[in-house]
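Have a look at the structure below, then the notes.
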Amino acid sequence: MKDRSPSRPIHEIFWLNVFGPHLVDRFGRQRLLSTPCAHMEELPGGAFLWLTRPTPADFDSEEARLAQARALVHLRPELSLESTLATLRQRSLVFTPIPIQFHPDVAEILSQEVDFRGLWTKRQNVEQFNQYRPPPVSEWIPASQCPPPDVDDVAKRIATYRNICAEELIALFHTPVPALLDGTLDALPHLDWYLWHHRWGKNHTQDQLNTLLPALGGWLGYQLVNLLGGRWVPRKNVFESAVIIGDRAWLPFQRAAHALSGLDAPLDYSCTQFFREAQRFSRQHTH
């Protein structure tokens with residue numbers, strides 16, 4: 001245990017502990033030697049190495065945590081054994097598996113966030129995200145209510161969605177989201193996580209969002225056409241532009257706008273959920 005400040009209190013005892021000469025002097029040699037532990041030996045220079053358990057194999061077991069608590073309370077008698085043990089038990093929960101029950105449409109996004117936040121907060125994050133349910137997808141209208149194209153050149157506008165918009169998205173994010181270069185659906189949750197984690201719906205300028213919104217909507221619509229057999233209905237008002245699948249008209253640019261509308265919007269209105277909802281609908285109406 002490394003402690004360069006003589007007045008700094010010791011907050012934790014571990015399976016393996018090394019007290020330098022200054023700590024030995026602070027606690028007193030005899031008091032340290034009387035610490036309940038599995039093994040203690042003096043090192044050259046007056047330091048002591050000691051173990052609370054013979055091996056680290058059961059470092060988080062009840063018996064191991066009790067040994068750590070007793071050793072800490074011995075050195076700091078002002079502490080309560082019960083409260084110290086309770087803290088250690090709480091730490092042990094980190095290593096106790098907890099069932100992951102994320103909503104399937106956003107499971108990969110949440111899993112990436114859990115992994116990023118790390119092991120020590122994994123349990124509480126999993127518990128929190130198990131309760132999360134995204135709002136239902138609302139960016140669609142009945143195909144019968146979809147207005148017809150009102151642009152001068154339908155084919156040119158569709159090519160714009162496919163080429164310029166999609167390529168713009170790849171240009172923006174190919175480094176942090178390399179899966180975009182593959183052109184597969186694997187990119188969807190990675191892109192959603194990146195936008196959510198880096199707060200694109202909150203911490204970026206209006207110019208950046210104005211560049212991203214048509215790129216994201218065009219790329220999302222292109223996936224509906226390319227992978228689900230949809231048909232573009234371009235409109236001068238991009239938010240009215242739709243992809244028709246069966247008897248529904250999906251509105252990818254509206255979805256993109258919602259996904260960039262706030263701090264948690266990239267999660268609440270993820271492209272992944274939008275595509276999967278359209279995919280389920282497509283499957284239901286082709287059988």
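Just remember, in the structure tokens the first chain shown is A, the second B, etc., residues are 1-based per chain, and ligands are 1-based in the order shown.
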
Per residue of region 156-233 of chain A within 10 Å of region 254-269 of chain A, note the shortest atom pair and the distance in Å to one decimal, counting only C-alpha atoms, and order the rows by chain and increasing residue number, as a tab-separated table.
```
residue	atom	partner	partner_atom	distance
A:Pro189	CA	A:Leu267	CA	9.5
A:Leu191	CA	A:Pro266	CA	9.2
A:Asp192	CA	A:Pro266	CA	5.9
A:Trp193	CA	A:Leu267	CA	7.3
A:Tyr194	CA	A:Pro266	CA	8.8
A:Leu195	CA	A:Pro266	CA	6.0
A:Trp196	CA	A:Pro266	CA	4.9
A:His197	CA	A:Pro266	CA	8.7
A:His198	CA	A:Leu263	CA	9.3
A:Arg199	CA	A:Leu263	CA	5.7
A:Trp200	CA	A:Leu260	CA	6.5
A:Gly201	CA	A:Leu260	CA	4.2
A:Lys202	CA	A:Leu263	CA	5.0
A:Asn203	CA	A:Leu263	CA	8.1
A:His204	CA	A:Leu260	CA	9.7
A:Leu209	CA	A:Leu260	CA	7.4
A:Asn210	CA	A:Ala257	CA	9.5
A:Leu212	CA	A:Ala256	CA	8.7
A:Leu213	CA	A:Ala256	CA	5.8
A:Pro214	CA	A:Ala256	CA	7.7
A:Ala215	CA	A:Ala256	CA	8.8
A:Leu216	CA	A:Ala256	CA	6.0
A:Gly217	CA	A:Ala256	CA	5.2
A:Gly218	CA	A:Ala256	CA	9.0
A:Trp219	CA	A:Ala256	CA	9.8
A:Leu220	CA	A:Ala256	CA	8.2
A:Gly221	CA	A:Arg255	CA	9.9
```

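Secondary structure by DSSP on the backbone puts the following residues of region 18-258 of chain A in strand (DSSP E or B): Val18, Phe19, His39, Met40, Glu41, Glu42, Phe48, Leu49, Trp50, Leu51, Trp140, Ile141, Pro142, Arg231, Trp232, Val233, Ala242, Val243, Ile244, Ile245, Arg248, Ala249 and Trp250 of chain A.
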
- [ ] May I ask which of the residues A:Leu16, A:Leu110, A:Leu181, A:Ile100 is the closest one to Ala64 (chain A), counting only C-alpha atoms?
- [x]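 Of all the options, A:Leu16 lies closest to Ala64 (chain A).
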
Excluding Thr121 (chain A) and its own-chain neighbours fewer than 4 positions away, which residues fall within 12 Å of it when counting only C-alpha atoms? Please give them as an mmCIF file with N, CA and C atoms, in the first residue's frame.
```cif
data_model
loop_
_atom_site.group_PDB
_atom_site.id
_atom_site.type_symbol
_atom_site.label_atom_id
_atom_site.label_comp_id
_atom_site.auth_asym_id
_atom_site.auth_seq_id
_atom_site.Cartn_x
_atom_site.Cartn_y
_atom_site.Cartn_z
ATOM 1 N N GLN A 90 -20.426 -4.508 -0.483
ATOM 2 C CA GLN A 90 -20.942 -3.768 -1.624
ATOM 3 C C GLN A 90 -19.957 -3.812 -2.787
ATOM 4 N N ARG A 91 -18.669 -3.733 -2.466
ATOM 5 C CA ARG A 91 -17.654 -3.834 -3.508
ATOM 6 C C ARG A 91 -17.675 -5.201 -4.162
ATOM 7 N N SER A 92 -17.970 -6.228 -3.392
ATOM 8 C CA SER A 92 -18.001 -7.579 -3.944
ATOM 9 C C SER A 92 -19.119 -7.750 -4.965
ATOM 10 N N LEU A 93 -20.168 -6.945 -4.836
ATOM 11 C CA LEU A 93 -21.276 -7.052 -5.784
ATOM 12 C C LEU A 93 -20.841 -6.762 -7.215
ATOM 13 N N VAL A 94 -19.746 -5.992 -7.351
ATOM 14 C CA VAL A 94 -19.240 -5.675 -8.677
ATOM 15 C C VAL A 94 -18.921 -6.948 -9.446
ATOM 16 N N PHE A 95 -18.484 -7.971 -8.705
ATOM 17 C CA PHE A 95 -18.060 -9.208 -9.359
ATOM 18 C C PHE A 95 -19.170 -10.252 -9.408
ATOM 19 N N GLU A 113 -22.044 1.412 -23.766
ATOM 20 C CA GLU A 113 -21.918 2.408 -22.699
ATOM 21 C C GLU A 113 -21.488 1.745 -21.395
ATOM 22 N N VAL A 114 -22.040 0.580 -21.091
ATOM 23 C CA VAL A 114 -21.643 -0.154 -19.881
ATOM 24 C C VAL A 114 -20.166 -0.489 -19.945
ATOM 25 N N ASP A 115 -19.703 -0.976 -21.079
ATOM 26 C CA ASP A 115 -18.287 -1.325 -21.227
ATOM 27 C C ASP A 115 -17.404 -0.095 -21.077
ATOM 28 N N PHE A 116 -17.860 1.035 -21.626
ATOM 29 C CA PHE A 116 -17.046 2.251 -21.526
ATOM 30 C C PHE A 116 -16.927 2.726 -20.080
ATOM 31 N N ARG A 117 -18.013 2.649 -19.340
ATOM 32 C CA ARG A 117 -17.992 3.154 -17.960
ATOM 33 C C ARG A 117 -17.174 2.283 -17.021
ATOM 34 N N ASN A 125 -25.016 0.262 -13.530
ATOM 35 C CA ASN A 125 -25.407 0.666 -14.881
ATOM 36 C C ASN A 125 -26.320 -0.370 -15.526
ATOM 37 N N VAL A 126 -26.001 -1.649 -15.330
ATOM 38 C CA VAL A 126 -26.852 -2.707 -15.881
ATOM 39 C C VAL A 126 -28.239 -2.636 -15.249
ATOM 40 N N GLU A 127 -28.290 -2.457 -13.940
ATOM 41 C CA GLU A 127 -29.586 -2.348 -13.260
ATOM 42 C C GLU A 127 -30.384 -1.169 -13.816
ATOM 43 N N GLN A 128 -29.706 -0.050 -14.020
ATOM 44 C CA GLN A 128 -30.389 1.136 -14.558
ATOM 45 C C GLN A 128 -30.877 0.889 -15.983
#
```

TODO: Find the residue from A:Ala57, A:Ala179, A:Ile109, A:Val73 that sits nearest to Tyr132 (chain A); use only C-alpha atoms when measuring.
DONE: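 Distance minimum relative to Tyr132 (chain A) lands on A:Ile109.
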
TODO: Taking the DSSP assignment computed from this structure's backbone, write out as number ranges by chain all residues of region 48-269 of chain A that belong to helix (DSSP H, G or I).
DONE: A: 56-58, 62-75, 81-95, 107-117, 119-130, 143-145, 154-173, 178-182, 187-197, 206-228, 238-240, 252-259, 265-268

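For region 227-231 of chain A, the residues within 6 Å (counting only C-alpha atoms, excluding itself and residues fewer than 3 positions away along the chain) are Gln223, Leu224, Val243, Ile244 and Ile245 of chain A.
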
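The environment of Pro147 (chain A) within 12 Å, counting only C-alpha atoms and disregarding residues fewer than 5 places along the same chain, consists of Ile141, Pro142, Trp232, Val233, Pro234, Arg235, Lys236, Asn237, Phe239, Glu240, Ser241, Ala242, Val243, Ile244 and Ala249 of chain A.
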
Selection file, C-alpha atoms, as an mmCIF file, in the first residue's frame:
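So again13.cif came out as:
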```cif
data_model
loop_
_atom_site.group_PDB
_atom_site.id
_atom_site.type_symbol
_atom_site.label_atom_id
_atom_site.label_comp_id
_atom_site.auth_asym_id
_atom_site.auth_seq_id
_atom_site.Cartn_x
_atom_site.Cartn_y
_atom_site.Cartn_z
ATOM 1 C CA ILE A 141 -47.519 7.703 -41.679
ATOM 2 C CA PRO A 142 -49.873 5.468 -43.667
ATOM 3 C CA TRP A 232 -38.116 6.830 -51.963
ATOM 4 C CA VAL A 233 -40.713 9.582 -52.201
ATOM 5 C CA PRO A 234 -38.595 12.761 -52.259
ATOM 6 C CA ARG A 235 -40.048 16.129 -51.256
ATOM 7 C CA LYS A 236 -38.747 19.693 -51.304
ATOM 8 C CA ASN A 237 -39.333 19.769 -47.551
ATOM 9 C CA PHE A 239 -38.783 16.246 -43.423
ATOM 10 C CA GLU A 240 -41.640 15.092 -45.658
ATOM 11 C CA SER A 241 -39.364 12.827 -47.713
ATOM 12 C CA ALA A 242 -40.362 9.236 -47.094
ATOM 13 C CA VAL A 243 -39.475 5.646 -47.845
ATOM 14 C CA ILE A 244 -42.530 3.519 -48.596
ATOM 15 C CA ALA A 249 -44.293 5.635 -45.315
#
```

- [ ] Work out how far CA of Asp182 (chain A) is from CA of Pro104 (chain A), in Å to one decimal.
- [x]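 Distance between the two atoms: 22.8 Å.
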
Task: Within 9 Å of Ala71 (chain A) using only C-alpha atoms, minus same-chain residues under 6 positions, as a VMD selection string - done: chain A and resid 13 35 to 37 52

Task: Selected residue, from A:Phe129, A:Phe19, A:Phe253, A:Trp140, that lies nearest to Glu277 (chain A) when counting only C-alpha atoms - done: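 The answer is A:Trp140, which sits nearest to Glu277 (chain A).
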
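Of the listed residues (A:Gln284, A:His74, A:Trp15, A:Ile170), A:Trp15 comes nearest to Asp58 (chain A); the distances count only C-alpha atoms.
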
Task: Length of the CA of Glu139 (chain A) to CA of Trp250 (chain A) vector [Å] - done: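 Pair CA of Glu139 (chain A) / CA of Trp250 (chain A) returns 6.2 Å.
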
TODO: May I ask which of the residues A:Ile98, A:Val225, A:Leu43, A:Ala69 is the closest one to Arg162 (chain A), counting only C-alpha atoms?
DONE: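 Closest to Arg162 (chain A), using only C-alpha atoms: A:Val225.
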
- [ ] Measuring atom to atom with only C-alpha atoms, identify which of A:Thr211, A:Gln131, A:Gly118, A:Pro136 is nearest to Glu167 (chain A).
- [x]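 Using only C-alpha atoms, the shortest distance to Glu167 (chain A) belongs to A:Thr211.
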
TODO: Do a neighbour search on Ser83 (chain A) at 12 Å with only C-alpha atoms, toss out local chain neighbours closer than 3 positions, and write the hits as a ChimeraX atom specification.
DONE: /A:65-66,69-70,72-73,78-80,86-90
